[in-house]
Structures are given as structure tokens and as C-alpha cells.
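> Contents of my_file-v9.pdb (PDB, C-alpha atoms) are below:
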ATOM      1  CA  MET A  76     118.525  72.620 118.152  1.00  0.00           C
ATOM      2  CA  ILE A  77     115.308  72.000 116.228  1.00  0.00           C
ATOM      3  CA  ILE A  78     112.391  71.682 118.654  1.00  0.00           C
ATOM      4  CA  SER A  79     109.553  69.313 117.735  1.00  0.00           C
ATOM      5  CA  LYS A  80     106.077  70.172 118.987  1.00  0.00           C
ATOM      6  CA  SER A  81     103.512  67.954 120.691  1.00  0.00           C
ATOM      7  CA  ALA A  82      99.958  67.563 119.430  1.00  0.00           C
ATOM      8  CA  GLU A  83      98.813  70.009 122.117  1.00  0.00           C
ATOM      9  CA  GLU A  84     101.398  72.571 121.048  1.00  0.00           C
ATOM     10  CA  LEU A  85     100.434  72.179 117.396  1.00  0.00           C
ATOM     11  CA  ALA A  86      96.806  72.852 118.321  1.00  0.00           C
ATOM     12  CA  LEU A  87      97.824  76.099 120.036  1.00  0.00           C
ATOM     13  CA  MET A  88      99.918  77.113 117.043  1.00  0.00           C
ATOM     14  CA  LYS A  89      97.034  76.333 114.714  1.00  0.00           C
ATOM     15  CA  HIS A  90      94.846  78.729 116.723  1.00  0.00           C
ATOM     16  CA  ALA A  91      97.511  81.431 116.427  1.00  0.00           C
ATOM     17  CA  GLY A  92      97.796  80.648 112.726  1.00  0.00           C
ATOM     18  CA  ARG A  93      94.079  81.093 112.189  1.00  0.00           C
ATOM     19  CA  ILE A  94      94.332  84.583 113.686  1.00  0.00           C
ATOM     20  CA  VAL A  95      97.212  85.424 111.335  1.00  0.00           C
ATOM     21  CA  ALA A  96      95.182  84.182 108.372  1.00  0.00           C
ATOM     22  CA  LEU A  97      92.163  86.232 109.450  1.00  0.00           C
ATOM     23  CA  VAL A  98      94.268  89.391 109.727  1.00  0.00           C
ATOM     24  CA  LEU A  99      95.854  88.855 106.312  1.00  0.00           C
ATOM     25  CA  CYS A 100      92.452  88.245 104.734  1.00  0.00           C
ATOM     26  CA  GLU A 101      91.032  91.462 106.197  1.00  0.00           C
ATOM     27  CA  LEU A 102      94.123  93.481 105.277  1.00  0.00           C
ATOM     28  CA  GLY A 103      94.014  92.161 101.723  1.00  0.00           C
ATOM     29  CA  ASN A 104      90.385  93.214 101.367  1.00  0.00           C
ATOM     30  CA  PHE A 105      91.134  96.664 102.834  1.00  0.00           C
ATOM     31  CA  SER A 106      94.202  97.315 100.647  1.00  0.00           C
ATOM     32  CA  LYS A 107      92.871  99.655  97.969  1.00  0.00           C
ATOM     33  CA  PRO A 108      94.031 102.865  96.276  1.00  0.00           C
ATOM     34  CA  GLY A 109      93.804 105.789  98.704  1.00  0.00           C
ATOM     35  CA  VAL A 110      94.438 103.770 101.871  1.00  0.00           C
ATOM     36  CA  ASN A 111      97.686 104.509 103.704  1.00  0.00           C
ATOM     37  CA  THR A 112      99.852 101.846 105.264  1.00  0.00           C
ATOM     38  CA  LYS A 113      99.312 103.105 108.825  1.00  0.00           C
ATOM     39  CA  GLN A 114      95.606 102.370 108.387  1.00  0.00           C
ATOM     40  CA  LEU A 115      96.567  98.793 107.552  1.00  0.00           C
ATOM     41  CA  ASP A 116      98.674  98.591 110.704  1.00  0.00           C
ATOM     42  CA  ASP A 117      95.845 100.026 112.816  1.00  0.00           C
ATOM     43  CA  LEU A 118      93.403  97.471 111.401  1.00  0.00           C
ATOM     44  CA  ALA A 119      95.794  94.592 112.044  1.00  0.00           C
ATOM     45  CA  LYS A 120      96.363  95.686 115.635  1.00  0.00           C
ATOM     46  CA  LYS A 121      92.592  95.977 116.207  1.00  0.00           C
ATOM     47  CA  ILE A 122      91.827  92.488 114.882  1.00  0.00           C
ATOM     48  CA  ILE A 123      94.696  90.859 116.770  1.00  0.00           C
ATOM     49  CA  LYS A 124      93.508  92.443 120.025  1.00  0.00           C
ATOM     50  CA  GLU A 125      89.884  91.415 119.380  1.00  0.00           C
ATOM     51  CA  GLU A 126      91.067  87.825 118.898  1.00  0.00           C
ATOM     52  CA  GLY A 127      92.825  87.858 122.267  1.00  0.00           C
ATOM     53  CA  ALA A 128      96.319  87.694 120.812  1.00  0.00           C
ATOM     54  CA  GLU A 129      99.389  89.932 120.737  1.00  0.00           C
ATOM     55  CA  PRO A 130     101.091  91.389 117.648  1.00  0.00           C
ATOM     56  CA  ALA A 131     104.392  89.530 117.435  1.00  0.00           C
ATOM     57  CA  PHE A 132     106.244  92.206 115.494  1.00  0.00           C
ATOM     58  CA  LEU A 133     105.382  95.219 117.675  1.00  0.00           C
ATOM     59  CA  GLY A 134     108.503  96.026 119.684  1.00  0.00           C
ATOM     60  CA  TYR A 135     110.426  93.022 118.323  1.00  0.00           C
ATOM     61  CA  LYS A 136     114.044  94.241 118.289  1.00  0.00           C
ATOM     62  CA  GLY A 137     112.534  97.724 118.288  1.00  0.00           C
ATOM     63  CA  PHE A 138     110.197  97.316 115.298  1.00  0.00           C
ATOM     64  CA  PRO A 139     107.573 100.070 115.723  1.00  0.00           C
ATOM     65  CA  CYS A 140     104.464  98.462 114.186  1.00  0.00           C
ATOM     66  CA  SER A 141     102.272  95.350 114.204  1.00  0.00           C
ATOM     67  CA  VAL A 142     102.566  94.467 110.507  1.00  0.00           C
ATOM     68  CA  CYS A 143     105.178  94.856 107.773  1.00  0.00           C
ATOM     69  CA  THR A 144     103.988  96.640 104.620  1.00  0.00           C
ATOM     70  CA  SER A 145     106.503  96.384 101.768  1.00  0.00           C
ATOM     71  CA  LEU A 146     105.748  98.084  98.449  1.00  0.00           C
ATOM     72  CA  ASN A 147     107.144  97.352  94.991  1.00  0.00           C
ATOM     73  CA  GLU A 148     110.973  97.227  95.288  1.00  0.00           C
ATOM     74  CA  GLN A 149     110.683  96.798  99.064  1.00  0.00           C
ATOM     75  CA  VAL A 150     111.331  93.153  99.909  1.00  0.00           C
ATOM     76  CA  VAL A 151     110.456  92.818 103.610  1.00  0.00           C
ATOM     77  CA  HIS A 152     110.200  94.746 106.887  1.00  0.00           C
ATOM     78  CA  GLY A 153     108.572  97.852 105.423  1.00  0.00           C
ATOM     79  CA  ILE A 154     107.332 100.148 108.192  1.00  0.00           C
ATOM     80  CA  PRO A 155     103.695 101.330 107.934  1.00  0.00           C
ATOM     81  CA  GLY A 156     103.226 105.092 107.798  1.00  0.00           C
ATOM     82  CA  LYS A 157     101.769 107.885 105.701  1.00  0.00           C
ATOM     83  CA  ARG A 158     102.467 106.295 102.318  1.00  0.00           C
ATOM     84  CA  VAL A 159      99.241 106.029 100.328  1.00  0.00           C
ATOM     85  CA  LEU A 160      98.547 102.977  98.189  1.00  0.00           C
ATOM     86  CA  LYS A 161      98.016 103.655  94.497  1.00  0.00           C
ATOM     87  CA  SER A 162      96.797 101.572  91.594  1.00  0.00           C
ATOM     88  CA  GLY A 163      99.636  99.503  90.179  1.00  0.00           C
ATOM     89  CA  ASP A 164     101.426  98.985  93.500  1.00  0.00           C
ATOM     90  CA  LEU A 165     102.575  95.537  94.569  1.00  0.00           C
ATOM     91  CA  LEU A 166     102.117  95.237  98.333  1.00  0.00           C
ATOM     92  CA  SER A 167     103.556  92.546 100.593  1.00  0.00           C
ATOM     93  CA  LEU A 168     101.822  92.120 103.955  1.00  0.00           C
ATOM     94  CA  ASP A 169     103.614  90.195 106.709  1.00  0.00           C
ATOM     95  CA  VAL A 170     101.844  89.398 109.992  1.00  0.00           C
ATOM     96  CA  GLY A 171     102.870  87.528 113.130  1.00  0.00           C
ATOM     97  CA  VAL A 172     100.922  86.917 116.330  1.00  0.00           C
ATOM     98  CA  LYS A 173     101.514  85.395 119.742  1.00  0.00           C
ATOM     99  CA  HIS A 174      98.628  83.543 121.362  1.00  0.00           C
ATOM    100  CA  GLU A 175      98.788  81.521 124.588  1.00  0.00           C
ATOM    101  CA  GLY A 176     102.577  81.474 124.407  1.00  0.00           C
ATOM    102  CA  TYR A 177     102.941  80.334 120.784  1.00  0.00           C
ATOM    103  CA  TYR A 178     103.700  82.195 117.578  1.00  0.00           C
ATOM    104  CA  ALA A 179     102.510  81.995 113.977  1.00  0.00           C
ATOM    105  CA  ASP A 180     103.749  84.002 111.001  1.00  0.00           C
ATOM    106  CA  ALA A 181     102.601  84.418 107.392  1.00  0.00           C
ATOM    107  CA  ALA A 182     102.789  86.815 104.453  1.00  0.00           C
ATOM    108  CA  VAL A 183     101.026  87.500 101.163  1.00  0.00           C
ATOM    109  CA  THR A 184     101.634  89.820  98.236  1.00  0.00           C
ATOM    110  CA  VAL A 185      98.643  91.579  96.693  1.00  0.00           C
ATOM    111  CA  GLY A 186      98.147  93.891  93.747  1.00  0.00           C
ATOM    112  CA  ILE A 187      96.562  97.296  94.313  1.00  0.00           C
ATOM    113  CA  GLY A 188      94.000  98.173  91.649  1.00  0.00           C
ATOM    114  CA  GLU A 189      95.246  97.293  88.164  1.00  0.00           C
ATOM    115  CA  ILE A 190      98.813  95.977  88.207  1.00  0.00           C
ATOM    116  CA  GLU A 191     101.130  95.310  85.282  1.00  0.00           C
ATOM    117  CA  ARG A 192     101.596  91.811  83.891  1.00  0.00           C
ATOM    118  CA  GLU A 193     105.183  91.680  85.186  1.00  0.00           C
ATOM    119  CA  ALA A 194     103.955  92.240  88.739  1.00  0.00           C
ATOM    120  CA  GLN A 195     101.179  89.660  88.296  1.00  0.00           C
ATOM    121  CA  ASN A 196     103.650  87.063  87.056  1.00  0.00           C
ATOM    122  CA  LEU A 197     106.147  87.743  89.832  1.00  0.00           C
ATOM    123  CA  ALA A 198     103.514  87.363  92.547  1.00  0.00           C
ATOM    124  CA  LYS A 199     102.175  84.193  90.921  1.00  0.00           C
ATOM    125  CA  VAL A 200     105.623  82.606  90.756  1.00  0.00           C
ATOM    126  CA  ALA A 201     106.451  83.579  94.356  1.00  0.00           C
ATOM    127  CA  ARG A 202     103.201  81.957  95.508  1.00  0.00           C
ATOM    128  CA  GLN A 203     104.017  78.841  93.472  1.00  0.00           C
ATOM    129  CA  ALA A 204     107.512  78.761  94.961  1.00  0.00           C
ATOM    130  CA  LEU A 205     106.011  78.669  98.452  1.00  0.00           C
ATOM    131  CA  SER A 206     103.650  75.862  97.408  1.00  0.00           C
ATOM    132  CA  ASP A 207     106.583  73.905  95.989  1.00  0.00           C
ATOM    133  CA  GLY A 208     108.511  74.353  99.221  1.00  0.00           C
ATOM    134  CA  ILE A 209     105.557  73.234 101.324  1.00  0.00           C
ATOM    135  CA  GLU A 210     105.159  70.107  99.183  1.00  0.00           C
ATOM    136  CA  HIS A 211     108.690  69.059 100.189  1.00  0.00           C
ATOM    137  CA  ALA A 212     108.112  69.686 103.924  1.00  0.00           C
ATOM    138  CA  ARG A 213     107.692  65.982 104.669  1.00  0.00           C
ATOM    139  CA  ALA A 214     109.154  63.698 107.310  1.00  0.00           C
ATOM    140  CA  GLY A 215     112.227  61.926 105.943  1.00  0.00           C
ATOM    141  CA  ASN A 216     113.105  64.654 103.456  1.00  0.00           C
ATOM    142  CA  LYS A 217     116.085  66.931 103.997  1.00  0.00           C
ATOM    143  CA  LEU A 218     115.646  70.594 104.906  1.00  0.00           C
ATOM    144  CA  HIS A 219     117.274  71.854 101.737  1.00  0.00           C
ATOM    145  CA  ASP A 220     114.846  69.851  99.603  1.00  0.00           C
ATOM    146  CA  ILE A 221     112.488  72.697 100.525  1.00  0.00           C
ATOM    147  CA  SER A 222     115.106  75.320  99.683  1.00  0.00           C
ATOM    148  CA  ALA A 223     115.955  73.782  96.322  1.00  0.00           C
ATOM    149  CA  ALA A 224     112.296  73.494  95.304  1.00  0.00           C
ATOM    150  CA  ILE A 225     111.717  77.178  96.032  1.00  0.00           C
ATOM    151  CA  GLU A 226     114.810  78.275  94.127  1.00  0.00           C
ATOM    152  CA  ARG A 227     114.028  75.991  91.191  1.00  0.00           C
ATOM    153  CA  ARG A 228     110.589  77.538  90.695  1.00  0.00           C
ATOM    154  CA  ALA A 229     111.895  81.108  90.831  1.00  0.00           C
ATOM    155  CA  GLN A 230     114.845  80.498  88.531  1.00  0.00           C
ATOM    156  CA  SER A 231     112.710  78.650  85.984  1.00  0.00           C
ATOM    157  CA  HIS A 232     110.942  81.964  85.361  1.00  0.00           C
ATOM    158  CA  GLY A 233     114.092  84.065  85.264  1.00  0.00           C
ATOM    159  CA  TYR A 234     113.690  85.387  88.803  1.00  0.00           C
ATOM    160  CA  SER A 235     116.023  85.220  91.804  1.00  0.00           C
ATOM    161  CA  VAL A 236     115.509  84.433  95.482  1.00  0.00           C
ATOM    162  CA  VAL A 237     116.795  86.704  98.221  1.00  0.00           C
ATOM    163  CA  ARG A 238     119.751  85.139 100.036  1.00  0.00           C
ATOM    164  CA  ASP A 239     120.267  87.531 102.940  1.00  0.00           C
ATOM    165  CA  PHE A 240     116.894  86.784 104.585  1.00  0.00           C
ATOM    166  CA  VAL A 241     115.527  83.287 105.156  1.00  0.00           C
ATOM    167  CA  GLY A 242     112.725  81.226 106.643  1.00  0.00           C
ATOM    168  CA  HIS A 243     112.918  79.856 110.175  1.00  0.00           C
ATOM    169  CA  GLY A 244     111.634  77.477 112.769  1.00  0.00           C
ATOM    170  CA  ILE A 245     108.851  78.846 114.966  1.00  0.00           C
ATOM    171  CA  GLY A 246     107.085  77.921 118.204  1.00  0.00           C
ATOM    172  CA  GLN A 247     107.440  79.487 121.642  1.00  0.00           C
ATOM    173  CA  LYS A 248     109.811  81.925 119.968  1.00  0.00           C
ATOM    174  CA  MET A 249     109.141  83.679 116.688  1.00  0.00           C
ATOM    175  CA  HIS A 250     112.547  82.687 115.343  1.00  0.00           C
ATOM    176  CA  GLU A 251     113.790  79.218 116.234  1.00  0.00           C
ATOM    177  CA  ASP A 252     116.166  76.772 114.573  1.00  0.00           C
ATOM    178  CA  PRO A 253     116.567  75.911 111.790  1.00  0.00           C
ATOM    179  CA  GLN A 254     117.254  78.732 109.388  1.00  0.00           C
ATOM    180  CA  ILE A 255     115.655  77.855 106.042  1.00  0.00           C
ATOM    181  CA  PRO A 256     117.315  79.438 103.013  1.00  0.00           C
ATOM    182  CA  ASN A 257     115.301  79.818  99.825  1.00  0.00           C
ATOM    183  CA  PHE A 258     118.192  78.351  97.845  1.00  0.00           C
ATOM    184  CA  GLY A 259     120.234  75.200  98.264  1.00  0.00           C
ATOM    185  CA  GLU A 260     121.057  71.693  97.142  1.00  0.00           C
ATOM    186  CA  SER A 261     118.524  68.875  97.369  1.00  0.00           C
ATOM    187  CA  GLY A 262     119.481  66.057  99.699  1.00  0.00           C
ATOM    188  CA  THR A 263     121.372  68.253 102.157  1.00  0.00           C
ATOM    189  CA  GLY A 264     120.583  69.717 105.561  1.00  0.00           C
ATOM    190  CA  PRO A 265     118.929  68.174 108.634  1.00  0.00           C
ATOM    191  CA  VAL A 266     116.378  65.388 108.246  1.00  0.00           C
ATOM    192  CA  LEU A 267     112.814  66.637 108.645  1.00  0.00           C
ATOM    193  CA  LYS A 268     110.811  64.965 111.416  1.00  0.00           C
ATOM    194  CA  GLU A 269     107.207  64.896 112.567  1.00  0.00           C
ATOM    195  CA  GLY A 270     106.401  67.745 114.930  1.00  0.00           C
ATOM    196  CA  MET A 271     108.765  70.263 113.392  1.00  0.00           C
ATOM    197  CA  VAL A 272     107.138  73.605 112.556  1.00  0.00           C
ATOM    198  CA  LEU A 273     108.675  75.815 109.890  1.00  0.00           C
ATOM    199  CA  ALA A 274     107.942  79.322 108.656  1.00  0.00           C
ATOM    200  CA  LEU A 275     108.638  79.036 104.934  1.00  0.00           C
ATOM    201  CA  GLU A 276     108.944  82.393 103.187  1.00  0.00           C
ATOM    202  CA  PRO A 277     110.310  82.824  99.672  1.00  0.00           C
ATOM    203  CA  MET A 278     111.225  86.394  98.779  1.00  0.00           C
ATOM    204  CA  VAL A 279     111.414  86.462  94.981  1.00  0.00           C
ATOM    205  CA  ASN A 280     112.978  89.320  93.030  1.00  0.00           C
ATOM    206  CA  ALA A 281     112.295  90.248  89.421  1.00  0.00           C
ATOM    207  CA  GLY A 282     115.990  91.127  89.062  1.00  0.00           C
ATOM    208  CA  GLY A 283     119.060  90.086  91.037  1.00  0.00           C
ATOM    209  CA  PHE A 284     119.081  88.675  94.557  1.00  0.00           C
ATOM    210  CA  ASP A 285     121.116  91.485  96.112  1.00  0.00           C
ATOM    211  CA  VAL A 286     119.318  93.694  98.642  1.00  0.00           C
ATOM    212  CA  LYS A 287     120.103  96.656 100.878  1.00  0.00           C
ATOM    213  CA  ILE A 288     118.608  98.137 104.039  1.00  0.00           C
ATOM    214  CA  LEU A 289     117.297 101.705 104.046  1.00  0.00           C
ATOM    215  CA  GLU A 290     118.218 104.396 106.567  1.00  0.00           C
ATOM    216  CA  ASP A 291     115.249 103.478 108.770  1.00  0.00           C
ATOM    217  CA  LYS A 292     117.335 100.341 109.563  1.00  0.00           C
ATOM    218  CA  TRP A 293     114.391  98.075 108.776  1.00  0.00           C
ATOM    219  CA  THR A 294     113.101  98.349 105.209  1.00  0.00           C
ATOM    220  CA  VAL A 295     114.858  95.921 102.865  1.00  0.00           C
ATOM    221  CA  VAL A 296     114.841  96.844  99.160  1.00  0.00           C
ATOM    222  CA  THR A 297     116.168  95.252  95.995  1.00  0.00           C
ATOM    223  CA  ALA A 298     119.600  96.646  95.130  1.00  0.00           C
ATOM    224  CA  ASP A 299     118.555  97.097  91.486  1.00  0.00           C
ATOM    225  CA  SER A 300     115.184  98.689  92.418  1.00  0.00           C
ATOM    226  CA  LYS A 301     113.226  95.932  90.659  1.00  0.00           C
ATOM    227  CA  LEU A 302     110.026  94.438  92.054  1.00  0.00           C
ATOM    228  CA  SER A 303     109.932  91.833  94.797  1.00  0.00           C
ATOM    229  CA  ALA A 304     107.187  89.516  96.090  1.00  0.00           C
ATOM    230  CA  HIS A 305     106.951  87.676  99.423  1.00  0.00           C
ATOM    231  CA  PHE A 306     104.752  84.786 100.533  1.00  0.00           C
ATOM    232  CA  GLU A 307     104.923  82.857 103.793  1.00  0.00           C
ATOM    233  CA  HIS A 308     103.107  80.141 105.723  1.00  0.00           C
ATOM    234  CA  THR A 309     103.717  78.468 109.055  1.00  0.00           C
ATOM    235  CA  VAL A 310     103.818  74.741 108.249  1.00  0.00           C
ATOM    236  CA  ALA A 311     103.802  71.697 110.539  1.00  0.00           C
ATOM    237  CA  ILE A 312     105.353  68.403 109.477  1.00  0.00           C
ATOM    238  CA  THR A 313     102.893  65.630 110.329  1.00  0.00           C
ATOM    239  CA  ALA A 314     102.486  61.918 109.675  1.00  0.00           C
ATOM    240  CA  ASP A 315     100.019  62.840 106.930  1.00  0.00           C
ATOM    241  CA  GLY A 316     102.338  65.356 105.271  1.00  0.00           C
ATOM    242  CA  PRO A 317     102.698  69.121 105.537  1.00  0.00           C
ATOM    243  CA  GLU A 318      99.911  70.984 107.348  1.00  0.00           C
ATOM    244  CA  ILE A 319      99.530  74.731 106.802  1.00  0.00           C
ATOM    245  CA  LEU A 320      98.728  76.301 110.174  1.00  0.00           C
ATOM    246  CA  THR A 321      98.211  79.843 108.879  1.00  0.00           C
ATOM    247  CA  LYS A 322      94.941  79.398 107.017  1.00  0.00           C
ATOM    248  CA  LEU A 323      91.267  79.942 107.781  1.00  0.00           C
TER     249      LEU A 323
END
Kindly transcribe the structure held in the file into C-alpha cells.

Amino acid sequence: MIISKSAEELALMKHAGRIVALVLCELGNFSKPGVNTKQLDDLAKKIIKEEGAEPAFLGYKGFPCSVCTSLNEQVVHGIPGKRVLKSGDLLSLDVGVKHEGYYADAAVTVGIGEIEREAQNLAKVARQALSDGIEHARAGNKLHDISAAIERRAQSHGYSVVRDFVGHGIGQKMHEDPQIPNFGESGTGPVLKEGMVLALEPMVNAGGFDVKILEDKWTVVTADSKLSAHFEHTVAITADGPEILTKL
């Protein structure tokens, strides 16, 4: 069942979303050659605590950290550790927080130092795919209008969207109904209604859409070892159109 949120609930989620946006902004600024991914996790945890919130990922189904750091061919759920960032890396940062009983979730992909044109283009298209999806998150549209818009943008540039991992509803739980694939047919799926809150998150691969999970049981990588980029926002459907909750 898709749970619509009241105005009061949306206000709480917007507060949580602002914290997520703040963390992502600080992590993006701190992500430079020579920094290791555990330092990013430590910084995220510090900011979240200072803002009076809880890291949503820490301990979630056993996940050991507060942020996901996925590099290059890693798609999502990369575990922070000793790996040192180097110039040319493509880094996806995924952050979720819980504040006053409500969750927010967002992700960005950033280049470390000087990155190749292919990586620049992939990240640009993944960001555009998210924007296209958000534009279709309007009351009266169908859920898969969002999915189709995301897929259309990626495929128009010769890229593919990951099929094994999808977006999701969000609220008092981090993962609520509905599941939101990044591929699909326009005009299908549930009707979108005011008060719904969706975490839209295209994962766009430079090669094929197939992925695999590493031995750590968390890190998802492209099966062909090609680059991947990931962007995400928590978005509310309102009478005035889509509202991004995870922004400063």
C-alpha cells in the first residue's frame, strides 16, 4: 500500500531532507585525491549527529557504515574503508537519515580531480535522467511515466539503467511501497497522488545493465566492469508539482 503523507509529515521529511543535502554537500567538498572513504563516513556520521538525526544506513540489514561510497564500476552500496580516492575516480555518495521518526534519502556522483570525458558524460546523463523522472512525478500521472522518462534519457545516450535495484517510497520507513523501476512503459503503474513521497534513484551504466554483488555481500558492481553513476532525490508529489525534499 502506498502511504500518502500529511502536510505535517511532509514538513518533518523536508527537515530530514535538508540534513541529507547538507551531508552530501560537505562530503562532495571533502572528496579529493588522498582522502579515504572511511574519512567520508566519519564526516557524515559527525554531521548527522550534530544535526540531531540518526544515520539511516548504519546497521540497516547489517550494513556497517553511515554512507555508501561507490567508486567507478561500483554501482551502489559500496562500503567505506581504507580505499584512497585518486584523481580520475568517479564516486557515488548515498546518504540517508532518520529525524523525528521520518526518513530522507539522496545520492550524488562526483568526479575526483580530473576525470575523463566519458565519466563526465555519464554523470551528466544520470543527473539529467533523475531530473526527467522528477518532472513526471505529478499527481494524475502514472508511476511508470517516471520510469520511462529515466530510461529514455539514459538510452538516448547509449547507456543502460540498472534493473536489479530500484527507487522506492519513503516515510516512516526507509523503504516503503511502491518500488520504482528505472525502466518501464509510460501510462502504466499506479496513479500518482498528492502526498506521496518517492525516492527516485537512477543508476546508469556506461555498458550493459547487468550487475553482480561482491563477496562483502553489499557492494554492487557492473558485470562488464564499466563505469556507473547514481543520483537520487526524495520527492514529494504536491498540488503545485514535484517538490524535492533533499535540497538545501
> Taking the file as I've supplied it (selection: the PyMOL selection byres ((chain A and resi 86-99) around 8)), which residues are included? Please answer as a JSON list (two decimals) with C-alpha atoms, in the coordinates of the input.

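Dumped to expr-v7.json:
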[["chain", "number", "residue", "atom", "x", "y", "z"],
["A", 82, "ALA", "CA", 99.96, 67.56, 119.43],
["A", 83, "GLU", "CA", 98.81, 70.01, 122.12],
["A", 84, "GLU", "CA", 101.40, 72.57, 121.05],
["A", 85, "LEU", "CA", 100.43, 72.18, 117.40],
["A", 100, "CYS", "CA", 92.45, 88.24, 104.73],
["A", 101, "GLU", "CA", 91.03, 91.46, 106.20],
["A", 102, "LEU", "CA", 94.12, 93.48, 105.28],
["A", 103, "GLY", "CA", 94.01, 92.16, 101.72],
["A", 119, "ALA", "CA", 95.79, 94.59, 112.04],
["A", 122, "ILE", "CA", 91.83, 92.49, 114.88],
["A", 123, "ILE", "CA", 94.70, 90.86, 116.77],
["A", 126, "GLU", "CA", 91.07, 87.82, 118.90],
["A", 128, "ALA", "CA", 96.32, 87.69, 120.81],
["A", 168, "LEU", "CA", 101.82, 92.12, 103.96],
["A", 169, "ASP", "CA", 103.61, 90.20, 106.71],
["A", 170, "VAL", "CA", 101.84, 89.40, 109.99],
["A", 171, "GLY", "CA", 102.87, 87.53, 113.13],
["A", 172, "VAL", "CA", 100.92, 86.92, 116.33],
["A", 173, "LYS", "CA", 101.51, 85.40, 119.74],
["A", 174, "HIS", "CA", 98.63, 83.54, 121.36],
["A", 175, "GLU", "CA", 98.79, 81.52, 124.59],
["A", 177, "TYR", "CA", 102.94, 80.33, 120.78],
["A", 178, "TYR", "CA", 103.70, 82.20, 117.58],
["A", 179, "ALA", "CA", 102.51, 82.00, 113.98],
["A", 180, "ASP", "CA", 103.75, 84.00, 111.00],
["A", 181, "ALA", "CA", 102.60, 84.42, 107.39],
["A", 182, "ALA", "CA", 102.79, 86.82, 104.45],
["A", 183, "VAL", "CA", 101.03, 87.50, 101.16],
["A", 246, "GLY", "CA", 107.08, 77.92, 118.20],
["A", 309, "THR", "CA", 103.72, 78.47, 109.06],
["A", 320, "LEU", "CA", 98.73, 76.30, 110.17],
["A", 321, "THR", "CA", 98.21, 79.84, 108.88],
["A", 322, "LYS", "CA", 94.94, 79.40, 107.02],
["A", 323, "LEU", "CA", 91.27, 79.94, 107.78]]
> From the set A:Gly262, A:Ser300, A:Met249, A:Val200, which residue has the shortest atom-to-atom contact distance to Pro130 (chain A), counting only C-alpha atoms?
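That would be A:Met249, the residue with the smallest distance to Pro130 (chain A).
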> Determine the residue set returned by the PyMOL selection byres ((chain A and resi 303) around 7) for the present structure, and present it as a ChimeraX atom specification.
/A:147-150,278-281,301-302,304-305
> Write the residues of the preceding selection, restricted to C-alpha atoms, as an mmCIF file, keeping the file's coordinate frame.

data_model
loop_
_atom_site.group_PDB
_atom_site.id
_atom_site.type_symbol
_atom_site.label_atom_id
_atom_site.label_comp_id
_atom_site.auth_asym_id
_atom_site.auth_seq_id
_atom_site.Cartn_x
_atom_site.Cartn_y
_atom_site.Cartn_z
ATOM 1 C CA ASN A 147 107.144 97.352 94.991
ATOM 2 C CA GLU A 148 110.973 97.227 95.288
ATOM 3 C CA GLN A 149 110.683 96.798 99.064
ATOM 4 C CA VAL A 150 111.331 93.153 99.909
ATOM 5 C CA MET A 278 111.225 86.394 98.779
ATOM 6 C CA VAL A 279 111.414 86.462 94.981
ATOM 7 C CA ASN A 280 112.978 89.320 93.030
ATOM 8 C CA ALA A 281 112.295 90.248 89.421
ATOM 9 C CA LYS A 301 113.226 95.932 90.659
ATOM 10 C CA LEU A 302 110.026 94.438 92.054
ATOM 11 C CA ALA A 304 107.187 89.516 96.090
ATOM 12 C CA HIS A 305 106.951 87.676 99.423
#
> Hey, what's within 12 Å of Asn196 (chain A) if we count all atoms listed in the file and toss same-chain stuff fewer than 2 positions away? As a compact mmCIF listing (two decimals) with C-alpha atoms, in the frame of the given file, please?

# COMPACT_ATOMS: atom_id res chain seq x y z
CA LEU A 165 102.58 95.54 94.57
CA THR A 184 101.63 89.82 98.24
CA VAL A 185 98.64 91.58 96.69
CA GLY A 186 98.15 93.89 93.75
CA ILE A 190 98.81 95.98 88.21
CA GLU A 191 101.13 95.31 85.28
CA ARG A 192 101.60 91.81 83.89
CA GLU A 193 105.18 91.68 85.19
CA ALA A 194 103.96 92.24 88.74
CA ALA A 198 103.51 87.36 92.55
CA LYS A 199 102.18 84.19 90.92
CA VAL A 200 105.62 82.61 90.76
CA ALA A 201 106.45 83.58 94.36
CA ARG A 202 103.20 81.96 95.51
CA GLN A 203 104.02 78.84 93.47
CA ALA A 229 111.90 81.11 90.83
CA HIS A 232 110.94 81.96 85.36
CA GLY A 233 114.09 84.06 85.26
CA TYR A 234 113.69 85.39 88.80
CA VAL A 279 111.41 86.46 94.98
CA ASN A 280 112.98 89.32 93.03
CA ALA A 281 112.30 90.25 89.42
CA LEU A 302 110.03 94.44 92.05
CA SER A 303 109.93 91.83 94.80
CA ALA A 304 107.19 89.52 96.09
> Selection in question (the file shown): the PyMOL selection byres ((chain A and resi 258) around 8). Which residues does it include, as a PyMOL selection string?
chain A and resi 219+222-223+225-226+236+238+256-257+259-260
> To one decimal place in Å, what is the distance between CA of Val151 (chain A) and CA of His250 (chain A)?
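Going from CA of Val151 (chain A) over to CA of His250 (chain A) covers 15.6 Å.
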> Between CA of Cys143 (chain A) and CA of Thr297 (chain A), what is the spacing in Å?
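Separation between CA of Thr297 (chain A) and CA of Cys143 (chain A): 16.1 Å.
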> For region 210-218 of chain A, list every protein, DNA or RNA residue within 10 Å, evaluated using all atoms listed in the file, and leave out those in the same chain fewer than 2 positions away; present the list as a PyMOL selection string.
chain A and resi 204-208+220-225+253-256+259-273+275+310-318
> Enter the distance from CA of Thr144 (chain A) to CA of Ile209 (chain A), in Å, rounded to one decimal.
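Separation between CA of Thr144 (chain A) and CA of Ile209 (chain A): 23.7 Å.
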> When you look at Ser106 (chain A) with a cut-off of 8 Å (counting all atoms listed in the file), what residues show up, excluding the ones that are within fewer than 5 positions of it in the same chain? I need them as a list in words.
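The residues that qualify are Leu115, Leu160 and Ile187 of chain A.
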> Point out the residue among A:Ser81, A:Ser231, A:Ser145, A:Ser162 with the least atom-to-atom distance to Val110 (chain A), counting all atoms listed in the file.
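Looking at the shortest contact to Val110 (chain A), the residue is A:Ser162.
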> Select, from A:Glu189, A:Asp285, A:Asp299, A:Asp116, the residue with the minimum atom-to-atom distance to Gly153 (chain A), counting only C-alpha atoms.
A:Asp116
> Between A:Lys136, A:Ser141, A:Asn111, A:Asp164, which one has atoms that come closest to Lys124 (chain A), using only C-alpha atoms?
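The shortest atom-to-atom distance to Lys124 (chain A) comes from A:Ser141.
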> Taking all atoms listed in the file into account, which of A:Pro139, A:Gly134, A:Pro108, A:Gly242 comes nearest Leu166 (chain A)?
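Checking each of A:Pro139, A:Gly134, A:Pro108, A:Gly242 against Leu166 (chain A), counting all atoms listed in the file, the winner is A:Pro108.
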> Kindly provide, as AutoDock Vina command-line options, the centre and edge lengths (Å, one decimal) of an axis-aligned box around all atoms of region 275-293 of chain A given in the file, with 8 Å on each side.

--center_x 114.9 --center_y 91.7 --center_z 99.3 --size_x 28.5 --size_y 41.4 --size_z 36.5
